[in-house]
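This is coords13.txt (compact mmCIF, C-alpha atoms).
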# COMPACT_ATOMS: atom_id res chain seq x y z
CA MET A 1 -233.12 10.21 52.76
CA ARG A 2 -229.54 10.34 54.10
CA ASN A 3 -227.47 13.16 52.55
CA LEU A 4 -224.05 11.57 52.13
CA ALA A 5 -222.42 14.81 50.94
CA LEU A 6 -223.09 16.45 54.33
CA GLU A 7 -221.16 13.69 56.11
CA LEU A 8 -217.91 14.40 54.24
CA ASP A 9 -215.07 15.70 56.42
CA ASP A 10 -214.40 19.38 55.61
CA ALA A 11 -210.86 19.18 56.99
CA VAL A 12 -209.94 16.74 54.20
CA LEU A 13 -212.30 17.86 51.49
CA SER A 14 -210.24 20.58 49.86
CA ARG A 15 -207.83 20.13 46.99
CA PRO A 16 -204.70 21.44 48.80
CA ARG A 17 -205.39 19.50 52.02
CA LEU A 18 -206.25 16.31 50.15
CA SER A 19 -203.04 16.61 48.13
CA ILE A 20 -200.98 17.22 51.31
CA LEU A 21 -202.39 14.03 52.83
CA ALA A 22 -201.82 12.14 49.54
CA ALA A 23 -198.17 13.25 49.56
CA LEU A 24 -197.74 12.25 53.20
CA VAL A 25 -199.51 8.91 53.10
CA GLY A 26 -196.84 7.07 51.08
CA ASN A 27 -193.86 8.41 53.03
CA ASP A 28 -192.70 8.30 56.61
CA ALA A 29 -192.27 12.10 56.60
CA VAL A 30 -191.75 14.95 54.12
CA ASP A 31 -190.48 18.49 54.68
CA PHE A 32 -192.16 21.83 54.05
CA THR A 33 -190.06 22.74 50.98
CA PHE A 34 -190.73 19.37 49.34
CA LEU A 35 -194.48 19.84 49.78
CA GLN A 36 -194.33 23.41 48.53
CA LYS A 37 -192.37 22.45 45.38
CA ASN A 38 -194.45 19.41 44.51
CA LEU A 39 -197.90 20.74 45.29
CA GLY A 40 -197.30 24.15 43.76
CA ILE A 41 -198.90 25.95 46.72
CA SER A 42 -197.52 29.25 48.02
CA ASP A 43 -195.72 29.28 51.40
CA GLY A 44 -198.50 31.11 53.22
CA ASN A 45 -201.26 28.93 51.80
CA LEU A 46 -199.41 25.73 52.54
CA GLY A 47 -198.74 26.86 56.11
CA THR A 48 -202.44 27.64 56.62
CA HIS A 49 -203.57 24.27 55.27
CA LEU A 50 -200.97 22.40 57.32
CA ARG A 51 -202.11 24.23 60.46
CA LYS A 52 -205.70 23.22 59.73
CA LEU A 53 -204.67 19.59 59.30
CA GLU A 54 -202.61 19.73 62.50
CA ALA A 55 -205.54 21.24 64.37
CA ALA A 56 -207.74 18.38 63.15
CA GLY A 57 -205.10 15.93 64.41
CA TYR A 58 -204.44 14.54 60.92
CA VAL A 59 -200.84 15.74 60.61
CA ARG A 60 -198.03 16.24 63.11
CA SER A 61 -194.86 18.28 62.66
CA GLU A 62 -191.34 17.94 63.98
CA LYS A 63 -188.33 20.23 63.63
CA ALA A 64 -184.94 18.64 63.01
CA PHE A 65 -181.54 19.38 61.45
CA VAL A 66 -180.30 17.65 58.27
CA ASP A 67 -176.70 18.54 57.43
CA ARG A 68 -176.92 21.41 59.97
CA LYS A 69 -179.89 22.89 58.10
CA PRO A 70 -183.21 23.18 59.91
CA LYS A 71 -186.10 21.27 58.40
CA THR A 72 -189.72 20.96 59.45
CA TRP A 73 -190.94 17.42 58.87
CA PHE A 74 -194.60 16.56 58.49
CA GLN A 75 -196.10 13.13 59.13
CA ILE A 76 -199.60 11.84 58.66
CA THR A 77 -201.16 10.53 61.89
CA ALA A 78 -203.29 7.41 62.31
CA GLU A 79 -206.35 9.71 62.46
CA GLY A 80 -205.24 11.29 59.17
CA ARG A 81 -205.06 7.88 57.54
CA HIS A 82 -208.49 6.97 58.86
CA ALA A 83 -209.88 10.29 57.62
CA LEU A 84 -208.53 9.62 54.11
CA GLU A 85 -209.87 6.07 54.09
CA ARG A 86 -213.23 7.28 55.37
CA LEU A 87 -213.41 9.96 52.67
CA PHE A 88 -212.67 7.47 49.87
CA ARG A 89 -215.22 5.04 51.30
CA GLN A 90 -217.83 7.80 51.45
CA LEU A 91 -217.06 8.92 47.90
CA GLU A 92 -217.34 5.33 46.69
CA GLU A 93 -220.66 5.02 48.54
CA MET A 94 -221.91 8.20 46.87
CA LEU A 95 -220.87 7.04 43.42
CA VAL A 96 -221.59 3.30 43.39
CA GLY A 97 -223.61 2.63 46.53
CA PRO A 98 -222.69 0.98 49.85
CA ARG A 99 -220.17 -1.88 49.89
CA ARG A 100 -221.53 -5.34 50.49
CA GLY A 101 -219.99 -7.85 52.86
CA MET B 1 -219.46 20.19 40.96
CA ASP B 2 -219.38 19.18 37.27
CA ASP B 3 -217.59 16.16 35.77
CA SER B 4 -214.63 18.10 34.36
CA ASN B 5 -213.85 19.52 37.83
CA VAL B 6 -213.95 16.06 39.36
CA LEU B 7 -211.66 14.72 36.63
CA ASN B 8 -209.25 17.63 37.11
CA ASP B 9 -209.14 16.90 40.84
CA VAL B 10 -208.45 13.22 40.19
CA ARG B 11 -205.69 14.09 37.68
CA PHE B 12 -204.16 16.55 40.12
CA LEU B 13 -204.20 13.95 42.88
CA ARG B 14 -202.62 11.37 40.52
CA ASP B 15 -199.82 13.85 39.65
CA VAL B 16 -199.22 14.61 43.34
CA VAL B 17 -198.93 10.93 44.18
CA SER B 18 -196.58 10.19 41.24
CA LYS B 19 -194.34 13.14 42.14
CA THR B 20 -194.15 12.57 45.87
CA GLN B 21 -193.83 8.80 46.29
CA PRO B 22 -190.22 7.58 46.28
CA ALA B 23 -189.10 4.94 43.78
CA PRO B 24 -189.74 1.51 45.30
CA ASN B 25 -186.10 0.53 44.83
CA TYR B 26 -184.38 3.63 46.22
CA ARG B 27 -182.26 1.30 48.41
CA TRP B 28 -180.69 -0.26 45.29
CA PRO B 29 -177.07 0.56 46.32
CA ILE B 30 -177.46 -1.72 49.36
CA THR B 31 -178.83 -4.58 47.23
CA LEU B 32 -176.03 -4.11 44.70
CA ALA B 33 -173.36 -4.00 47.43
CA TRP B 34 -174.60 -7.27 48.97
CA GLY B 35 -174.71 -8.84 45.50
CA CYS B 36 -171.07 -7.90 44.86
CA VAL B 37 -169.99 -9.18 48.30
CA VAL B 38 -171.73 -12.54 47.80
CA VAL B 39 -170.48 -12.98 44.19
CA ILE B 40 -166.90 -12.22 45.29
CA GLY B 41 -167.26 -14.62 48.24
CA TYR B 42 -168.60 -17.36 45.98
CA ALA B 43 -165.78 -16.82 43.48
CA ILE B 44 -163.18 -17.06 46.30
CA CYS B 45 -164.84 -20.26 47.59
CA ALA B 46 -164.83 -21.73 44.08
CA TYR B 47 -161.15 -20.85 43.64
CA LEU B 48 -160.23 -22.36 47.01
CA GLY B 49 -162.21 -25.48 46.14
CA LEU B 50 -160.48 -25.86 42.79
CA THR B 51 -157.04 -25.41 44.38
CA GLN B 52 -157.87 -27.97 47.11
CA ARG B 53 -157.60 -25.46 49.99
CA THR B 54 -160.96 -26.49 51.41
CA THR B 55 -160.17 -25.77 55.09
CA LEU B 56 -160.41 -22.03 54.35
CA ILE B 57 -163.80 -22.20 52.62
CA PRO B 58 -166.04 -22.07 55.76
CA TRP B 59 -164.34 -18.80 56.79
CA VAL B 60 -164.76 -16.92 53.52
CA MET B 61 -168.45 -15.98 53.75
CA PRO B 62 -168.50 -15.11 57.49
CA VAL B 63 -165.42 -12.91 57.06
CA LEU B 64 -166.88 -11.17 53.99
CA VAL B 65 -170.38 -10.82 55.48
CA PHE B 66 -169.27 -9.44 58.86
CA GLY B 67 -166.04 -7.77 57.77
CA VAL B 68 -167.21 -6.17 54.53
CA GLY B 69 -170.97 -6.62 54.00
CA TRP B 70 -172.29 -5.24 57.29
CA PRO B 71 -169.96 -2.21 57.51
CA LEU B 72 -170.77 -1.42 53.86
CA GLN B 73 -174.50 -1.77 54.53
CA TRP B 74 -174.22 0.51 57.59
CA TYR B 75 -172.42 3.14 55.50
CA LEU B 76 -174.81 2.87 52.53
CA ILE B 77 -177.95 3.01 54.69
CA ARG B 78 -176.73 6.27 56.23
CA ARG B 79 -175.79 7.66 52.82
CA VAL B 80 -179.10 6.74 51.18
CA LYS B 81 -181.03 8.12 54.17
CA THR B 82 -179.12 11.41 54.14
CA ARG B 83 -179.59 11.83 50.38
CA MET B 84 -183.33 11.23 50.66
CA GLU B 85 -183.61 13.60 53.63
CA GLN B 86 -181.74 16.30 51.71
CA ARG B 87 -184.45 15.98 49.05
CA GLY B 88 -187.06 16.44 51.75
CA VAL B 89 -188.38 12.87 52.02
CA ARG B 90 -188.10 10.25 54.71
CA PRO B 91 -189.27 7.08 52.97
CA ARG B 92 -191.36 4.50 54.74
CA PHE B 93 -189.62 1.26 55.71
CA SER B 94 -191.56 -1.82 54.67
CA ARG B 95 -191.95 -3.72 57.94
CA GLU B 96 -193.43 -6.71 56.11
CA ALA B 97 -190.39 -7.04 53.82
CA GLY B 98 -188.03 -6.57 56.78
CA LEU B 99 -189.74 -9.34 58.75
CA CYS B 100 -189.79 -11.60 55.68
CA TRP B 101 -186.01 -11.26 55.19
CA ALA B 102 -185.29 -11.66 58.91
CA GLY B 103 -187.23 -14.95 58.74
CA ILE B 104 -185.38 -16.07 55.61
CA VAL B 105 -181.94 -15.31 57.08
CA GLY B 106 -182.91 -17.03 60.37
CA ILE B 107 -184.11 -20.20 58.65
CA GLY B 108 -181.11 -20.19 56.30
CA LEU B 109 -178.69 -19.96 59.21
CA LEU B 110 -180.52 -22.78 61.04
CA TRP B 111 -180.31 -25.05 57.95
CA THR B 112 -176.65 -24.18 57.43
CA ALA B 113 -175.88 -24.96 61.09
CA ALA B 114 -177.77 -28.26 60.80
CA LEU B 115 -175.79 -29.22 57.66
CA VAL B 116 -172.48 -28.31 59.35
CA VAL B 117 -173.28 -30.07 62.66
CA SER B 118 -174.53 -33.24 60.93
CA GLY B 119 -171.43 -33.31 58.71
CA LEU B 120 -173.56 -33.50 55.57
CA ILE B 121 -171.90 -30.40 54.17
CA ALA B 122 -168.56 -32.19 53.75
CA GLU B 123 -170.04 -34.75 51.36
CA HIS B 124 -172.81 -32.68 49.83
CA TRP B 125 -171.60 -29.06 49.71
CA TYR B 126 -174.29 -28.15 47.17
CA LEU B 127 -177.06 -28.65 49.78
CA VAL B 128 -176.16 -25.36 51.47
CA VAL B 129 -176.31 -23.63 48.09
CA PHE B 130 -179.71 -25.16 47.31
CA VAL B 131 -181.09 -24.15 50.72
CA TRP B 132 -180.03 -20.50 50.34
CA ALA B 133 -181.06 -20.32 46.67
CA SER B 134 -184.53 -21.73 47.46
CA LEU B 135 -184.99 -19.37 50.41
CA GLN B 136 -183.89 -16.42 48.32
CA PHE B 137 -186.35 -17.38 45.61
CA VAL B 138 -189.14 -17.14 48.21
CA GLY B 139 -187.77 -13.77 49.41
CA TYR B 140 -187.64 -12.39 45.88
CA VAL B 141 -191.24 -13.38 45.21
CA MET B 142 -192.22 -11.64 48.48
CA ASN B 143 -190.19 -8.57 47.47
CA GLY B 144 -191.90 -8.58 44.08
CA ALA B 145 -195.30 -8.60 45.75
CA LEU B 146 -194.45 -6.11 48.53
CA LEU B 147 -191.93 -3.71 46.96
CA SER B 148 -191.58 -3.67 43.19
CA ALA B 149 -192.03 -5.87 40.14
CA GLU B 150 -188.29 -5.93 39.33
CA TRP B 151 -187.78 -8.54 42.01
CA PHE B 152 -189.82 -11.00 39.95
CA TRP B 153 -186.96 -10.98 37.40
CA ALA B 154 -184.53 -12.00 40.14
CA ALA B 155 -187.01 -14.69 41.28
CA GLY B 156 -187.37 -15.95 37.70
CA VAL B 157 -183.60 -16.19 37.16
CA MET B 158 -183.16 -18.00 40.49
CA PHE B 159 -185.99 -20.42 39.69
CA ILE B 160 -184.54 -21.24 36.24
CA SER B 161 -181.05 -21.77 37.70
CA LEU B 162 -182.47 -24.19 40.31
CA ILE B 163 -184.37 -26.12 37.64
CA VAL B 164 -181.26 -26.25 35.39
CA ALA B 165 -179.16 -27.53 38.32
CA VAL B 166 -181.69 -30.23 39.21
CA VAL B 167 -182.17 -31.35 35.60
CA ALA B 168 -178.47 -31.22 34.57
CA GLY B 169 -177.22 -32.88 37.75
CA PRO B 170 -173.94 -32.44 39.69
CA VAL B 171 -172.14 -30.74 36.82
CA MET B 172 -174.40 -27.68 37.22
CA TYR B 173 -174.81 -27.65 41.01
CA TRP B 174 -172.65 -24.53 41.18
CA LEU B 175 -175.17 -22.49 39.16
CA PRO B 176 -177.77 -21.55 41.86
CA GLY B 177 -174.88 -20.60 44.16
CA PHE B 178 -173.54 -18.19 41.58
CA TRP B 179 -176.98 -16.66 41.17
CA ILE B 180 -177.40 -16.09 44.95
CA GLY B 181 -175.15 -13.06 44.52
CA GLY B 182 -175.88 -12.64 40.82
CA THR B 183 -179.61 -12.09 41.34
CA LEU B 184 -178.86 -9.46 44.01
CA VAL B 185 -176.62 -7.67 41.51
CA LEU B 186 -179.39 -7.98 38.90
CA ALA B 187 -182.03 -6.62 41.33
CA GLY B 188 -179.69 -3.78 42.32
CA LEU B 189 -179.10 -2.77 38.71
CA LEU B 190 -182.80 -3.00 37.82
CA GLY B 191 -183.60 -0.97 40.94
CA ARG B 192 -181.05 1.66 39.90
CA ARG B 193 -182.70 1.91 36.48
CA SER B 194 -186.20 2.27 37.93
CA ALA B 195 -185.04 4.79 40.56
CA ARG B 196 -183.41 6.91 37.84
CA ARG B 197 -186.58 6.82 35.76
CA GLN B 198 -188.51 8.19 38.71
CA VAL B 199 -186.10 10.86 39.90
CA LEU B 200 -187.37 12.94 42.77
CA PRO B 201 -187.17 16.66 42.17
CA ALA B 202 -184.10 18.12 43.88

What's the structure tokens form of this structure?
Amino acid sequence: MRNLALELDDAVLSRPRLSILAALVGNDAVDFTFLQKNLGISDGNLGTHLRKLEAAGYVRSEKAFVDRKPKTWFQITAEGRHALERLFRQLEEMLVGPRRG
Amino acid sequence: MDDSNVLNDVRFLRDVVSKTQPAPNYRWPITLAWGCVVVIGYAICAYLGLTQRTTLIPWVMPVLVFGVGWPLQWYLIRRVKTRMEQRGVRPRFSREAGLCWAGIVGIGLLWTAALVVSGLIAEHWYLVVFVWASLQFVGYVMNGALLSAEWFWAAGVMFISLIVAVVAGPVMYWLPGFWIGGTLVLAGLLGRRSARRQVLPA
């Protein structure tokens, strides 16, 4: 029998990384401070999780100035979106069975 | 993984999404500004019409749209964008809504040009008002479906004003024209209210 749980993507399947992607998916880009304030994750932890997501190709970063202040912007990539969609599809499959049609 | 953990994760995710997604109507100042420009333009046209200075009427809207509306929109877009970026968010632009409004403005301009070129506008000025009011009704319904439910109020008001004008006859033909700007003001104010309810953390 197929073990669906083993097919879940580890890069997405963690509360901080899932919440980072959830925060990014509805916006064009958000900055590091915004994520840190809204997700309640410490600087170091957030940096580690963002690096993991960047390494997986799910997030990309860009440095820019807003009102002469440096900001690091994070954007979800197309792969990141697909990874989220895939995860929700897999979870749905685990809970209610495969989709028909 | 027990059920309470799963529920906690779902709740956490729900809180993250509600805190990080911008209000759907964060561009309300632009809507409100356009509403004010159009209402003022319509009032000037009505005044000129009542005082028999009709030769000036065709120039009122183009002058207001290009001389006031566009510069104001340019300024407000920059201001709204900077304010959002200072809060750490670059909101997503709805391409679907943008394309929908580009189509509406394009078709509206074509109809207006056709009415002017054919000379129909001189005898039946209200046709141009009906064309724009009907097109805006369609745009508001699209906005309601794509952006936020407040636009359905604007669509409802526009629909009622069109029905009233058709049923009451020439005496009420001015009504949809008034609501072209009026519904934008209404949508801007409703957007302001919803944006303030969902204030992003500074």

Can you report as JSON the centre and edge lengths in Å, to one decimal, of an axis-aligned box around the listed atoms of stretch 46-58 of chain B padded with 4 Å on each side?
{"center_x": -161.5, "center_y": -24.4, "center_z": 49.3, "size_x": 17.0, "size_y": 15.1, "size_z": 21.0}

Item checked: Coordinates-based distance that separates atom CA of B:Met84 from atom CA of B:Leu184 (Å, one decimal) -> 22.2 Å

Checklist line | Distance-based interface of chain A with chain B, 10 Å, counting only C-alpha atoms, as a PyMOL selection string | finding: chain A and resi 14-16+18-35+37-40+65-67+69+71-75

Notebook entry, point to check: Near A:Leu87, within 12 Å and counting all atoms listed in the file, which residues show up once chain neighbours fewer than 6 positions away are dropped, as number ranges by chain?
Noted result: A: 4-14, 18, 21, 80-81, 93-94

Notebook entry, point to check: If you count only C-alpha atoms, which residues fall within 8 Å of B:Asn25, apart from same-chain ones fewer than 4 positions away, as a ChimeraX atom specification?
Noted result: /B:147-148,191-192,194-195

Taking 3 positions as the minimum chain separation for residues in the same chain, which residues sit within 12 Å of B:Trp101 when counting all atoms listed in the file? Answer as a short mmCIF file (atom, residue, chain, number, x, y, z; two decimals) with C-alpha atoms, in the coordinates of the input.
data_model
loop_
_atom_site.label_atom_id
_atom_site.label_comp_id
_atom_site.auth_asym_id
_atom_site.auth_seq_id
_atom_site.Cartn_x
_atom_site.Cartn_y
_atom_site.Cartn_z
CA SER B 94 -191.56 -1.82 54.67
CA ARG B 95 -191.95 -3.72 57.94
CA GLU B 96 -193.43 -6.71 56.11
CA ALA B 97 -190.39 -7.04 53.82
CA GLY B 98 -188.03 -6.57 56.78
CA ILE B 104 -185.38 -16.07 55.61
CA VAL B 105 -181.94 -15.31 57.08
CA GLY B 106 -182.91 -17.03 60.37
CA ILE B 107 -184.11 -20.20 58.65
CA GLY B 108 -181.11 -20.19 56.30
CA LEU B 135 -184.99 -19.37 50.41
CA GLN B 136 -183.89 -16.42 48.32
CA PHE B 137 -186.35 -17.38 45.61
CA VAL B 138 -189.14 -17.14 48.21
CA GLY B 139 -187.77 -13.77 49.41
CA TYR B 140 -187.64 -12.39 45.88
CA VAL B 141 -191.24 -13.38 45.21
CA MET B 142 -192.22 -11.64 48.48
CA ASN B 143 -190.19 -8.57 47.47
CA LEU B 146 -194.45 -6.11 48.53
#

Item checked: Residue with smallest distance to B:Ala155 - pool B:Val131, B:Leu48, B:Leu186, B:Leu72, counting only C-alpha atoms -> B:Leu186

Note to self: Between B:Val157, B:Pro71, B:Phe178, B:Trp28, which residue has the minimum interatomic distance to B:Ile44, considering all atoms listed in the file?
What the structure shows: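 Smallest separation from B:Ile44 among the options: B:Phe178.
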
Next item on the list: Figure out the distance between atom CA of A:Gln36 and atom CA of A:His49, please, to one decimal in Å.
Entry: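 Between atom CA of A:His49 and atom CA of A:Gln36 the gap is 11.5 Å.
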
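Counting from atom CA of A:Leu53, the distance to atom CA of B:Lys81 is 26.8 Å.
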